[in-house]
Amino acid sequence: MEPIRILNVVGRMDRGGIETMIMNIYRNIDRNKVQFDFLAHYGKEADYNDEIRSLGGKIYEMPVIKTTEKTYYNKFFQYRRALIEFFKNHQEYKVLHGHMTNTASIYMPIAKKYGNINCLISHSHLTRARQGLTGTVTNILQIPLRKCATEYFSCSNEAGKWLYKKKDFDNGKVRIVKNAIDSDLFVYNYEKRKKKREELGINGNLVLGHIGRFFEQKNHDFLIDVFNEVYKMNDKAVLILIGEGVLMTEIKGKVNKFGLDKNVIFLGLRSDI
């Protein structure tokens with residue numbers, strides 16, 4: 001018996017929070033019964049792609065209409081044509097899991113009309129849109145989403161209340177799907193702690209850590225303010241920042257302004273969290 005193939009609609013399967021959550025689930029499901037495939041949008045190879053393929057998943061690329069810095073509104077019709085062509089040619093999918101809610105009101109109706117999909121899952125991972133024009137457009141595009149989706153998922157009550165209506169909670173339509181982790185990976189290990197501290201040259205220091213992409217939602221700007229106060233009390237304190245993103249240069253500038261260059265360590269993307 002062939003497994004049920006679920007099409008996950010994502011930006012790009014890099015080591016972000018949403019993507020890591022999907023992979024945590026993917027690694028632990030019975031892939032003889034359920035298999036994950038991916039419809040990606042950002043147009044380049046991603047960190048998790050090789051692992052996805054090794055687990056039996058397929059990755060399809062859509063035309064790039066959005067990057068982390070810019071949205072290409074002029075490519076809308078090209079994107080729409082590509083979606084129509086995709087769902088016409090992939091009638092094997094009956095379940096679509098939409099993690100990109102900002103454009104779900106575009107791809108979900110097309111999937112329903114031209115594909116063979118009868119289960120359309122909308123999954124809220126945020127508590128608010130970005131500021132400015134992009135955020136305004138996102139809020140507008142998400143209005144029809146509630147009519148397109150057949151299932152409402154959310155990572156928390158707050159994220160659900162942002163995307164869905166109060167009555168959806170009251171009637172039990174919204175399902176809270178928590179971002180589960182493999183806790184065994186995070187069990188305290190003295191030898192690993194000692195080895196990593198030696199590698200980073202931080203033996204004997206008070207160490208604070210933050211994992212998150214350098215985007216507005218992660219609030220690195222405030223984090224540096226907080227660490228600056230910690231440093232005033234303990235000049236051996238160290239802040240480790242894991243992740244990449246468009247605001248990294250700005251945050252490095254703030255660290256330099258406060259004179260914290262030797263106490264803030266930027267480690268970029270890591271696979272050994």
# chains A, B, ... in the order shown; residues from 1 in each chain; ligands from 1

$ residues_around --residues "A:Ile251" --least-positions-apart "3" --cutoff "9 Å" --atoms "only C-alpha atoms" --output "JSON, numbers by chain"
{"A": [214, 220, 221, 224, 247, 248, 254, 255, 256]}

$ select_by_dssp --residues "stretch 64-215 of chain A" --states "helix (DSSP H, G or I)" --output "PyMOL selection string"
chain A and resi 73-89+104-114+133-141+145-148+157-163+166-170+183-186+190-200

$ select_by_dssp --residues "stretch 16-240 of chain A" --states "strand (DSSP E or B)" --output "MDAnalysis selection string"
chainID A and resid 34:40 59:61 66 71 95:98 119:124 151:154 174:176 207:211 238:240

$ atom_distance --atom1 "atom CA of A:Ile242" --atom2 "atom CA of A:Ile211"
4.8 Å

$ closest_residue --among "A:Phe36, A:Phe153, A:Phe77, A:Tyr42" --to "A:Val64" --atoms "only C-alpha atoms"
A:Tyr42

$ closest_residue --among "A:Pro63, A:Phe227, A:Asn157, A:Asp14" --to "A:Arg270" --atoms "only C-alpha atoms"
A:Asp14

$ closest_residue --among "A:Gly253, A:Gly98, A:Gly56, A:Gly43" --to "A:Val9" --atoms "only C-alpha atoms"
A:Gly98

$ atom_distance --atom1 "atom CA of A:Lys236" --atom2 "atom CA of A:Asn263"
7.4 Å
